[in-house]
Every structure is written in structure tokens, then in C-alpha cells.
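Heads up: the structure comes next, in C-alpha cells.
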Amino acid sequence: MTEKLLEVKNLKKYFKTAKGLLHAVDDINFSINKGETLGLVGESGCGKSTTGRVVLRLLEASGGEVLFNGEDILQYNKKQMSAFRENAQIVFQDPFASLNPRMSVSEIIAEPFIINKKSMSKTERYQKVKKLMETVGLASRLENTYPHELDGGRRQRIGIARALALNPSFIVQDEPVSALDVSIQAQILNLMEDLQKEFGLTYLFISHDLSVIKHVSNNIAVMYLGKIVEMTDFSSIFKDPLHPYTKALLSAIPIPNVDDDLERILLEGDVPSPIAPPPGCRFYGRCFMRKDICKDVTPELLQVSEGRYCACHVVHGQDG
Amino acid sequence: MSKEKLLDIEKLTIHYVTDDGVVCAVNDLNLSLDRGETVGLVGETGAGKTTTALGILRLVPNPPGKIIGGKIFLDGENLIAKTESEMRKIRGNKVSMIFQDPMTSLNPVIPIGEQIAEVISLHERVTAKEALKKAEEMLEKVGIGAERSKEFPHQFSGGMRQRVGIAIALACNPELLIADEPTTALDVTIQAQVLELMRGLKKEFNTAMIMITHDLGIVAKICDKVAIMYAGSIVEFADKYDLFKNPKHPYTVGLFGSIPNIKNDDDTLKPIMGLMPDPSNLPSGCPFHPRCEQAGAECAQVVPANVDIGNNHFVKCVLFRKQEVE
């Protein structure tokens, strides 16, 4: 029986701006089973990174619940939070900006032990750092180098080693490979998969790249303007996407295959502003399947079949 | 369509001379292009793709960059031998470029209509009014209403700004368009719009194009031919169909193995081991040999020749020369 590690209920995050409330994350629900990966995919500004941060309370939520092992971490006090943070880590997008340029590789990886006041001798700590470097595939001769001396792939390995230091059970991967070249990207993706198997990790994997998401995820949630529009297991989304936005997103990906003559769906216009969005479906303005009801009534994320959820009036209408 | 040769690059070599040594960005590069044809120049960061493009336009920053040798023939005329003022008449007119980052390649304090009109009045004998009129026509062509020509770049989204960049590049109906990762900064749905636009305009203007990209998916979508670049030289060059069906060079094969494909239910990616070599300290022989699984003793000593394995499919690898001999 699979067990839920993380469950997010009605999570909201609004930012106050001069022009009005920015609905970055607007009433989303999802859960991740232990040892599995949920891929969160969407275009820039859809709220996927904000979701990752709110789940770890790096940003305070505007409403909703984040249940970790059944407990709502949004209600945690400071002491409980620091215990939670040992258990839940994040790997950031930009390996150039997320490492302190004035610390050496071994200092960066050792920092989690010091911050969390793990009582251990210096040699013990050094041994742990060496072990971590080995785990993520960093040569031990690099321990005294500084981030600027290393390439993006190696820097991202440092970020991963740092996230693994305190044996977490949950890691938010916030676009960990989008700054890397494909050949390096493949190395890092394989590493993450191996680590997940070895340590039984649970990932929330955020990316704008559906092909990367497909490669790593058990379940996939597609986000558009602060809402989850479709959520399903990884294979059905590619074979039979339901939501019109998912369909358009899939057909927009250039596939490295010359025989591919899929019919392409070209969306009109840009993503609208998330500030004070109108009622109704967020995708209304760009949708090629829209009906009158979509303009005024916000579609709910409803179950279509076992394990498949979609927020679209047209899809639900067809299902009866 | 006529199969007339437009661009012919012979043994182009570009170095950057820095305090830390000489960076060999482009080494003995050969590339040719017919009129109206699109070639995709594919490679990873630091492979020398952008330097090659800047070399064709003679825009390599000097110092530290320097074109060490080679010839670039456009319509039979050697661009390397041109004076600076002759080059100015070519840039933006016969050859133009679309830059990677639409956020920084436009002037933030000039309305977009004027920015397009600037190119037109530089190269054509027109009054300022006529130039602006033509600029507005170009805007309509790339899908932006003419009434927006008085707006500034910050009032447009990334995809719209890249459309302005395309309008500027095509304003003088160039023979050759160099697009340097034109959609890398854009979201996929916007990227699809921009690529579709470029494909349509390229047909309409019958422009030849060099599409610089690291995304083989884009190549499959809009190119006719593909050149795979590694450490400053082209390691494989072929017709698109030939290359995708039948990649030969170990680096090309590795590149395909690294891409997570949404069409296949594959499990593990097969990445290329190791890292790109430091271009200021390239390995001897074949620059790919330290990462190559099939490398032999010979690879570290001999720079492999460019071999035509038939059907205009060129590979720079000793494995294929051997096959021919046997």
C-alpha cells in the first residue's frame, strides 16, 4: 500500500502588488506518495516555483494546508519547523547563484551539519562530506575548490550533495537541470534517479520541460496561471492529454524526430497577467475548445477516471 | 528552387587571445549553404556556434577575438577581404542576424517602429516617412499591429520582442539570415508561434538561414541540413533526414542518447561521459577522443579528416575512414 508523504489542500499564495493581488498559486490540491515523484510542469509565471517554496514554507502561504506525514506544517512553531527542514530540502535552479562564492566545496556541503548543530567531531564531519561527494560523483580532489572554478553540472552536484546531507525524505527539485547542456543534463537526471532508489527519496520535480518531467515522474500535474489544470499518471498524459492546454503544450514541443508530422496546435497570444484574474477558466482567452460557460464559471479539478483529474468544462461535459 | 551556392566558408579559424592563453573557439571550419536553404548549427555551450556566426558578420570582438585564417565567400565575394565600410553595407542588408535574448537586443529608449526604420533608411534610399511606413508593414508581417509601432520594447512580452527582432532582421530582405538561438529564452507555446512565423517568412522571402540551436527538436522542425559542432569544428554534416535516421559520429550518437524523448518509454538516458574540453587547452588529435567510447590509440594523435560517406554526409571520425579502406 502506498503511503502519502505530502498532501497539499486548497493551497493559496497571493502577492500584494501596486496593481492588485497577484494570484501566484490559487487553490491547488495534490499529494505525493512516499518514494515517488510528482512532476509539476508549466510555463514561466504559472506559479510552479512558488508552489515549491510554499510547500517548504520558504514563503508563507496565504491559505490552505500542507500535510507532511499527516501533520500540517503551516501550523508548526519554530522548533518544529527546524526539525521539518532537516527532513525536507530543495535543489535550486541556478547552480551559479545558489552557492556561496566565498565558500569551498567542502565548506558548502558541511554547512547543513553546522547550521543544524549536529554534534560531531571535525573528522567525523569531514568523513561525511567525503562520503557525500562520492555519492553525487564529485572527485575528492575538488574539495578545496570554489564554485567559480567548476562547471554547471558539477555545481549542481554540490547543490544535490548539500540537499542530501541531513538524510531528508523529501526534496523539492526546482528546475535543477534547465541551466545545463543536454549531455550534462542527462548525467544529472540519471544521478537523481539513482539517489531516489538508493535513499527512498520523494521528489517534487518542477520543470518547464515536459520531456524531462516525463523522464523522472510517476505523476504529473500541469499548471497554468496558478491553477492545476490536469493531473494524472505519467504515461496517460502523453498518450491521451485531456485539457486543451496540455494538448497545446505537448504539441508545441519540438520532437527530435524527422518523421513526426503531428498536427500542431498553435495557441494564440501570450499568457495573461495573474494580477486580479477574471472569474471563469484562466485559459479561456487562448483556448480552442472554449464554450460560453468557461467565461464565467471557474472549472474545478474533478476526477475523470481512476487517477486522472482535469479542470475543464468541455472535458467533463463530454464525459456526461 | 535553384540550387545555387550562397555561402561557402573555408577553413575558418577564430581565436580569442587572453591573458590565460589562446582560446581556439573555431578551428578549420568548413560550411556551405545554398540559396533559400536552412542549415541547423547544433552544439553545446562553448562549441563555438555563436563565434562562427559573429565571424561571418565580421563582428567578433577584437581584441580579444581574431579571425586567424580562412575564407568566407558570400555570392562569390570573400567577406574576410572586405573593408569595414564595405562590411557595414552588408550587415543588416545582405546578411542579418536575430539574437538570442530579445530582452537585451533592442534599444530600450527608442520606439520599435523607429528601430525597424533605422535599418531600412541605412540601406535604402528612402525618406524617413517612407522608412517608417515600411517598418509598419514589417510589423504587420510578424503579427504585430502597425498601431503599436510607437511603443517601447518594455511594453511587449518576450515573444513579441523576438518578433520585432525578426522584423528588423528581415526589413531589407537579406539573402542570409543568422538566427542565434532565437527561441531559447521563450516558453514552448510561444516558441512554437515564433518558429512557425520564421518558417513562413523564410519561404516568403526565400532567405537562406543558419539556425543556431542546442535543441535537436527545433532542427527536426525547420532545418534542411544539420551541422553538428564540437569544440570549434563541425564533426558531422548531413541532410536532416540522413542525420536523424543514421547518425554516425560518436558525439552525435551521444547527443541523441542524452535527450529524454516524450515519444519513447525509455528508462535510463545514455549520457556522454565527462565534460566539454577547455577550448584554451584542446586535446590532441580528435577533440572528442577523451569522451569517446570507441576511441582508439590513433584518435589521440591524428586529427581525423572530413570524410564523405556518401549522399553528402560528412563525418570527421577515423572510424569511417577505416571502413572505406576495408
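Going by the C-alpha cells order, chains are called A, B, ..., each with residues numbered from 1, while ligands are numbered from 1 in the order shown.
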
Open item on the list: Taking only C-alpha atoms into account and nothing else, which residues of chain A lie no more than 10 Å away from chain B? Please answer as a count of residues only.
Closed with: 53

Which neighbours of stretch 162-168 of chain A fall inside 8 Å, counting only C-alpha atoms, when residues of the same chain fewer than 4 positions from it are skipped, and could you give them as a short mmCIF file (atom, residue, chain, number, x, y, z; two decimals) with all heavy atoms, in the first residue's frame?
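Writing done, so here's out_19.cif:
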data_model
loop_
_atom_site.label_atom_id
_atom_site.label_comp_id
_atom_site.auth_asym_id
_atom_site.auth_seq_id
_atom_site.Cartn_x
_atom_site.Cartn_y
_atom_site.Cartn_z
N GLU A 86 15.12 19.72 8.27
CA GLU A 86 16.12 18.66 8.09
C GLU A 86 15.58 17.58 7.17
O GLU A 86 16.31 16.92 6.46
CB GLU A 86 16.44 18.02 9.45
CG GLU A 86 17.39 18.84 10.26
CD GLU A 86 17.78 18.10 11.54
OE1 GLU A 86 17.81 16.85 11.51
OE2 GLU A 86 18.04 18.78 12.52
N ASN A 87 14.28 17.43 7.22
CA ASN A 87 13.63 16.35 6.53
C ASN A 87 13.22 16.71 5.10
O ASN A 87 12.93 15.85 4.28
CB ASN A 87 12.37 15.98 7.33
CG ASN A 87 12.19 14.49 7.39
OD1 ASN A 87 12.78 13.77 6.60
ND2 ASN A 87 11.39 14.04 8.32
N ALA A 88 13.15 18.00 4.82
CA ALA A 88 12.68 18.46 3.52
C ALA A 88 13.68 19.48 2.98
O ALA A 88 13.95 20.49 3.61
CB ALA A 88 11.30 19.08 3.64
N GLN A 89 14.22 19.19 1.81
CA GLN A 89 15.28 20.03 1.24
C GLN A 89 14.90 20.52 -0.15
O GLN A 89 13.91 20.09 -0.72
CB GLN A 89 16.57 19.23 1.17
CG GLN A 89 17.18 18.91 2.51
CD GLN A 89 17.81 20.11 3.16
OE1 GLN A 89 18.32 21.01 2.50
NE2 GLN A 89 17.77 20.15 4.49
N ILE A 90 15.72 21.41 -0.68
CA ILE A 90 15.45 21.94 -2.02
C ILE A 90 16.75 22.01 -2.83
O ILE A 90 17.82 22.28 -2.28
CB ILE A 90 14.76 23.33 -1.93
CG1 ILE A 90 14.41 23.88 -3.32
CG2 ILE A 90 15.61 24.32 -1.15
CD1 ILE A 90 13.44 25.05 -3.29
N VAL A 91 16.66 21.72 -4.11
CA VAL A 91 17.77 21.95 -5.04
C VAL A 91 17.31 23.06 -5.98
O VAL A 91 16.24 22.96 -6.58
CB VAL A 91 18.11 20.67 -5.85
CG1 VAL A 91 19.17 20.97 -6.89
CG2 VAL A 91 18.58 19.58 -4.92
N ILE A 108 30.70 24.21 1.77
CA ILE A 108 29.29 24.31 1.39
C ILE A 108 28.54 23.05 1.80
O ILE A 108 27.46 23.11 2.37
CB ILE A 108 29.16 24.52 -0.14
CG1 ILE A 108 29.68 25.90 -0.51
CG2 ILE A 108 27.70 24.38 -0.58
CD1 ILE A 108 29.79 26.12 -2.01
N ILE A 109 29.16 21.90 1.54
CA ILE A 109 28.46 20.65 1.85
C ILE A 109 28.40 20.42 3.36
O ILE A 109 27.47 19.80 3.87
CB ILE A 109 29.15 19.47 1.12
CG1 ILE A 109 29.10 19.71 -0.40
CG2 ILE A 109 28.47 18.14 1.45
CD1 ILE A 109 29.83 18.69 -1.21
N ALA A 110 29.38 20.95 4.10
CA ALA A 110 29.39 20.75 5.56
C ALA A 110 28.43 21.68 6.27
O ALA A 110 28.07 21.44 7.42
CB ALA A 110 30.81 20.95 6.09
N GLU A 111 28.00 22.73 5.59
CA GLU A 111 27.21 23.76 6.27
C GLU A 111 25.92 23.24 6.91
O GLU A 111 25.58 23.65 8.02
CB GLU A 111 26.91 24.92 5.31
CG GLU A 111 26.87 26.23 6.05
CD GLU A 111 26.42 27.37 5.18
OE1 GLU A 111 25.99 27.13 4.05
OE2 GLU A 111 26.47 28.51 5.66
N PRO A 112 25.17 22.36 6.25
CA PRO A 112 23.95 21.87 6.89
C PRO A 112 24.19 21.24 8.26
O PRO A 112 23.40 21.42 9.17
CB PRO A 112 23.43 20.80 5.91
CG PRO A 112 24.00 21.19 4.61
CD PRO A 112 25.32 21.82 4.90
N PHE A 113 25.33 20.54 8.42
CA PHE A 113 25.63 19.93 9.72
C PHE A 113 25.85 21.01 10.77
O PHE A 113 25.46 20.87 11.92
CB PHE A 113 26.89 19.06 9.63
CG PHE A 113 26.76 17.92 8.66
CD1 PHE A 113 27.56 17.87 7.53
CD2 PHE A 113 25.82 16.93 8.86
CE1 PHE A 113 27.44 16.83 6.62
CE2 PHE A 113 25.69 15.88 7.96
CZ PHE A 113 26.50 15.84 6.84
N VAL A 129 31.30 14.53 4.67
CA VAL A 129 31.39 15.34 3.45
C VAL A 129 32.01 14.53 2.33
O VAL A 129 31.54 14.54 1.18
CB VAL A 129 32.19 16.64 3.71
CG1 VAL A 129 32.50 17.35 2.41
CG2 VAL A 129 31.43 17.56 4.66
N LEU A 132 29.52 12.13 0.98
CA LEU A 132 28.51 12.80 0.16
C LEU A 132 29.05 13.13 -1.22
O LEU A 132 28.37 12.95 -2.23
CB LEU A 132 28.03 14.08 0.85
CG LEU A 132 27.00 13.90 1.96
CD1 LEU A 132 26.88 15.15 2.79
CD2 LEU A 132 25.64 13.52 1.37
N ILE A 158 27.04 19.73 -6.34
CA ILE A 158 27.26 20.27 -4.99
C ILE A 158 25.91 20.58 -4.34
O ILE A 158 25.66 20.24 -3.19
CB ILE A 158 28.10 21.57 -5.02
CG1 ILE A 158 29.45 21.31 -5.68
CG2 ILE A 158 28.29 22.11 -3.62
CD1 ILE A 158 30.25 22.57 -5.91
N LEU A 201 13.94 8.44 -1.66
CA LEU A 201 13.54 9.84 -1.59
C LEU A 201 12.22 10.09 -2.31
O LEU A 201 11.85 9.37 -3.24
CB LEU A 201 14.62 10.71 -2.26
CG LEU A 201 15.98 10.72 -1.57
CD1 LEU A 201 17.01 11.35 -2.48
CD2 LEU A 201 15.89 11.48 -0.27
#

- [ ] Find the residues near A:Lys16: any atom within 12 Å, counting only C-alpha atoms, skip ones fewer than 5 places away on the same chain, and give them as a PyMOL selection string.
- [x] chain A and resi 21-24+62+274-276

TODO: Considering only C-alpha atoms, return as a PyMOL selection string whatever protein or nucleic-acid residues lie within 10 Å of B:Val95, sequence-local ones (same chain, fewer than 4 positions apart) excluded.
DONE: chain B and resi 56-57+74+87+89-91+169-170+172-178+207-209

Can I get the selection written as a CSV table (one decimal), in the first residue's frame, with N, CA and C atoms?
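Saved the output as again.csv:
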chain,number,residue,atom,x,y,z
B,56,ILE,N,31.1,35.3,-39.5
B,56,ILE,CA,30.5,35.5,-40.8
B,56,ILE,C,30.2,37.0,-41.0
B,57,LEU,N,29.7,37.7,-39.9
B,57,LEU,CA,29.4,39.1,-40.0
B,57,LEU,C,30.6,40.0,-39.7
B,74,LEU,N,30.5,35.0,-49.8
B,74,LEU,CA,29.1,35.2,-49.9
B,74,LEU,C,28.9,35.6,-51.4
B,87,MET,N,31.8,46.2,-45.2
B,87,MET,CA,31.0,45.3,-44.3
B,87,MET,C,29.7,45.9,-43.8
B,89,LYS,N,27.8,47.9,-45.2
B,89,LYS,CA,26.8,47.8,-46.2
B,89,LYS,C,26.2,46.5,-46.3
B,90,ILE,N,26.9,45.5,-45.9
B,90,ILE,CA,26.4,44.1,-46.0
B,90,ILE,C,25.6,43.7,-44.8
B,91,ARG,N,26.1,44.1,-43.6
B,91,ARG,CA,25.3,43.8,-42.4
B,91,ARG,C,24.0,44.4,-42.3
B,169,ALA,N,15.5,42.1,-38.7
B,169,ALA,CA,16.4,41.3,-39.5
B,169,ALA,C,15.9,41.1,-40.9
B,170,LEU,N,14.6,41.1,-41.1
B,170,LEU,CA,14.1,40.8,-42.5
B,170,LEU,C,13.8,42.1,-43.2
B,172,CYS,N,15.3,44.4,-44.7
B,172,CYS,CA,16.0,44.7,-46.0
B,172,CYS,C,16.0,43.5,-46.9
B,173,ASN,N,15.2,42.5,-46.6
B,173,ASN,CA,15.1,41.3,-47.4
B,173,ASN,C,16.5,40.7,-47.6
B,174,PRO,N,17.1,40.2,-46.6
B,174,PRO,CA,18.5,39.7,-46.7
B,174,PRO,C,18.6,38.3,-47.4
B,175,GLU,N,19.8,38.0,-48.0
B,175,GLU,CA,19.9,36.7,-48.6
B,175,GLU,C,20.2,35.7,-47.6
B,176,LEU,N,20.9,36.1,-46.5
B,176,LEU,CA,21.2,35.1,-45.5
B,176,LEU,C,20.8,35.7,-44.1
B,177,LEU,N,20.1,34.8,-43.4
B,177,LEU,CA,19.7,35.2,-42.0
B,177,LEU,C,20.4,34.3,-41.0
B,178,ILE,N,21.0,34.9,-40.0
B,178,ILE,CA,21.6,34.0,-39.0
B,178,ILE,C,20.8,34.2,-37.7
B,207,THR,N,14.8,33.3,-48.1
B,207,THR,CA,16.0,33.6,-47.4
B,207,THR,C,16.7,32.3,-47.0
B,208,ALA,N,18.0,32.3,-47.1
B,208,ALA,CA,18.8,31.2,-46.6
B,208,ALA,C,19.0,31.5,-45.1
B,209,MET,N,19.1,30.4,-44.3
B,209,MET,CA,19.2,30.6,-42.9
B,209,MET,C,20.2,29.7,-42.2

Open item on the list: Which residue is closest to A:Asn144? Choose from A:Arg57, A:Lys79, A:His316, A:Lys130 and count only C-alpha atoms.
Closed with: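 Smallest separation from A:Asn144 among the options: A:Lys130.
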
- [ ] Identify all residues of stretch 176-302 of chain B in helix (DSSP H, G or I) (DSSP on the backbone) and supply them as a PyMOL selection string.
- [x] chain B and resi 188-205+216-222+240-245+250-258+289-291+297-300

Create the file for the chosen residues now, containing C-alpha atoms and written as a short mmCIF file (atom, residue, chain, number, x, y, z; two decimals), in the first residue's frame.
data_model
loop_
_atom_site.label_atom_id
_atom_site.label_comp_id
_atom_site.auth_asym_id
_atom_site.auth_seq_id
_atom_site.Cartn_x
_atom_site.Cartn_y
_atom_site.Cartn_z
CA VAL B 188 7.37 26.37 -25.53
CA THR B 189 3.95 27.58 -26.65
CA ILE B 190 5.45 30.96 -27.61
CA GLN B 191 8.45 29.21 -29.18
CA ALA B 192 6.06 27.25 -31.40
CA GLN B 193 4.44 30.50 -32.55
CA VAL B 194 7.78 32.16 -33.33
CA LEU B 195 9.16 29.11 -35.19
CA GLU B 196 6.01 28.90 -37.29
CA LEU B 197 6.36 32.59 -38.12
CA MET B 198 10.01 32.20 -39.10
CA ARG B 199 9.23 29.23 -41.31
CA GLY B 200 6.51 31.16 -43.12
CA LEU B 201 8.60 34.31 -43.63
CA LYS B 202 11.63 32.34 -44.76
CA LYS B 203 9.54 30.82 -47.54
CA GLU B 204 8.02 34.17 -48.47
CA PHE B 205 11.37 35.95 -48.70
CA LEU B 216 17.59 18.91 -31.96
CA GLY B 217 13.80 19.15 -31.84
CA ILE B 218 13.94 22.60 -33.44
CA VAL B 219 16.28 21.29 -36.11
CA ALA B 220 13.84 18.49 -36.95
CA LYS B 221 11.14 21.08 -37.30
CA ILE B 222 12.62 23.75 -39.52
CA LYS B 240 18.33 16.35 -41.90
CA TYR B 241 16.69 13.02 -42.70
CA ASP B 242 20.02 11.30 -43.18
CA LEU B 243 21.42 12.60 -39.90
CA PHE B 244 18.39 11.82 -37.73
CA LYS B 245 17.94 8.32 -39.14
CA PRO B 250 30.01 9.09 -31.72
CA TYR B 251 29.27 12.59 -30.43
CA THR B 252 26.08 12.88 -32.48
CA VAL B 253 25.00 9.45 -31.29
CA GLY B 254 25.70 10.53 -27.69
CA LEU B 255 23.72 13.73 -28.18
CA PHE B 256 20.67 11.75 -29.30
CA GLY B 257 21.11 9.37 -26.36
CA SER B 258 21.06 12.29 -23.90
CA HIS B 289 38.52 11.30 -28.06
CA PRO B 290 38.72 11.66 -24.22
CA ARG B 291 34.92 11.26 -24.02
CA ALA B 297 45.18 4.84 -29.89
CA GLU B 298 45.13 6.64 -33.21
CA CYS B 299 42.46 9.14 -32.10
CA ALA B 300 44.76 10.91 -29.68
#

Task: Secondary structure check, strand (DSSP E or B) residues of stretch 217-290 of chain A, as a PyMOL selection string - done: chain A and resi 219-224+227-233+275

Same residues, C-alpha atoms, saved as a PDB file, in the first residue's frame:
ATOM      1  CA  ASN A 219       2.570  11.505 -11.590  1.00  0.00           C
ATOM      2  CA  ILE A 220       2.388  14.786 -13.445  1.00  0.00           C
ATOM      3  CA  ALA A 221       0.499  17.971 -12.623  1.00  0.00           C
ATOM      4  CA  VAL A 222       0.160  20.647 -15.302  1.00  0.00           C
ATOM      5  CA  MET A 223      -0.121  24.203 -14.020  1.00  0.00           C
ATOM      6  CA  TYR A 224      -1.475  27.254 -15.797  1.00  0.00           C
ATOM      7  CA  LYS A 227      -4.144  26.539 -11.132  1.00  0.00           C
ATOM      8  CA  ILE A 228      -3.544  22.848 -11.697  1.00  0.00           C
ATOM      9  CA  VAL A 229      -5.434  22.125 -14.917  1.00  0.00           C
ATOM     10  CA  GLU A 230      -4.631  18.441 -15.255  1.00  0.00           C
ATOM     11  CA  MET A 231      -3.133  15.777 -13.012  1.00  0.00           C
ATOM     12  CA  THR A 232      -2.505  12.187 -13.970  1.00  0.00           C
ATOM     13  CA  ASP A 233      -0.032   9.341 -14.047  1.00  0.00           C
ATOM     14  CA  ILE A 275      -2.917  40.012 -11.246  1.00  0.00           C
TER      15      ILE A 275
END

Open item on the list: Neighbouring residues of stretch 308-321 of chain B were defined as those with any atom within 8 Å, considering only C-alpha atoms; residues of the same chain fewer than 2 positions away were excluded. Please report them as a VMD selection string.
Closed with: chain B and resid 234 to 239 242 to 243 248 to 249 286 299 304 to 306 323 to 325

Written file, previous selection with N, CA and C atoms, as a tab-separated table (two decimals), in the first residue's frame:
chain	number	residue	atom	x	y	z
B	234	ILE	N	33.13	21.31	-37.15
B	234	ILE	CA	31.92	20.55	-37.47
B	234	ILE	C	32.30	19.09	-37.59
B	235	VAL	N	31.72	18.27	-36.72
B	235	VAL	CA	32.11	16.85	-36.70
B	235	VAL	C	31.23	16.01	-37.61
B	236	GLU	N	30.01	16.51	-37.89
B	236	GLU	CA	29.15	15.76	-38.79
B	236	GLU	C	28.24	16.73	-39.51
B	237	PHE	N	28.04	16.49	-40.81
B	237	PHE	CA	27.20	17.37	-41.61
B	237	PHE	C	26.41	16.51	-42.58
B	238	ALA	N	25.10	16.66	-42.57
B	238	ALA	CA	24.29	15.85	-43.48
B	238	ALA	C	22.93	16.47	-43.67
B	239	ASP	N	22.23	15.92	-44.62
B	239	ASP	CA	20.82	16.20	-44.80
B	239	ASP	C	20.09	15.82	-43.51
B	242	ASP	N	18.88	12.20	-43.26
B	242	ASP	CA	20.02	11.30	-43.18
B	242	ASP	C	20.59	11.29	-41.76
B	243	LEU	N	20.76	12.49	-41.20
B	243	LEU	CA	21.42	12.60	-39.90
B	243	LEU	C	20.56	12.03	-38.77
B	248	LYS	N	26.19	9.18	-37.38
B	248	LYS	CA	27.42	8.39	-37.46
B	248	LYS	C	28.43	8.73	-36.38
B	249	HIS	N	28.72	10.01	-36.24
B	249	HIS	CA	29.79	10.40	-35.30
B	249	HIS	C	29.40	10.04	-33.87
B	286	CYS	N	41.71	14.01	-32.27
B	286	CYS	CA	40.29	14.31	-32.31
B	286	CYS	C	39.87	14.92	-30.97
B	299	CYS	N	43.29	7.94	-32.28
B	299	CYS	CA	42.46	9.14	-32.10
B	299	CYS	C	43.17	10.25	-31.35
B	304	PRO	N	41.15	13.73	-37.31
B	304	PRO	CA	40.50	12.99	-38.38
B	304	PRO	C	40.10	13.88	-39.54
B	305	ALA	N	40.17	13.32	-40.74
B	305	ALA	CA	39.79	14.07	-41.93
B	305	ALA	C	38.27	14.06	-42.08
B	306	ASN	N	37.79	15.00	-42.87
B	306	ASN	CA	36.36	15.08	-43.13
B	306	ASN	C	36.03	14.12	-44.26
B	323	GLN	N	36.55	2.23	-42.49
B	323	GLN	CA	35.55	1.44	-43.20
B	323	GLN	C	35.72	1.55	-44.71
B	324	GLU	N	36.05	2.77	-45.13
B	324	GLU	CA	36.18	2.98	-46.58
B	324	GLU	C	37.35	2.19	-47.14
B	325	VAL	N	38.44	2.14	-46.36
B	325	VAL	CA	39.63	1.46	-46.82
B	325	VAL	C	39.35	-0.04	-46.95
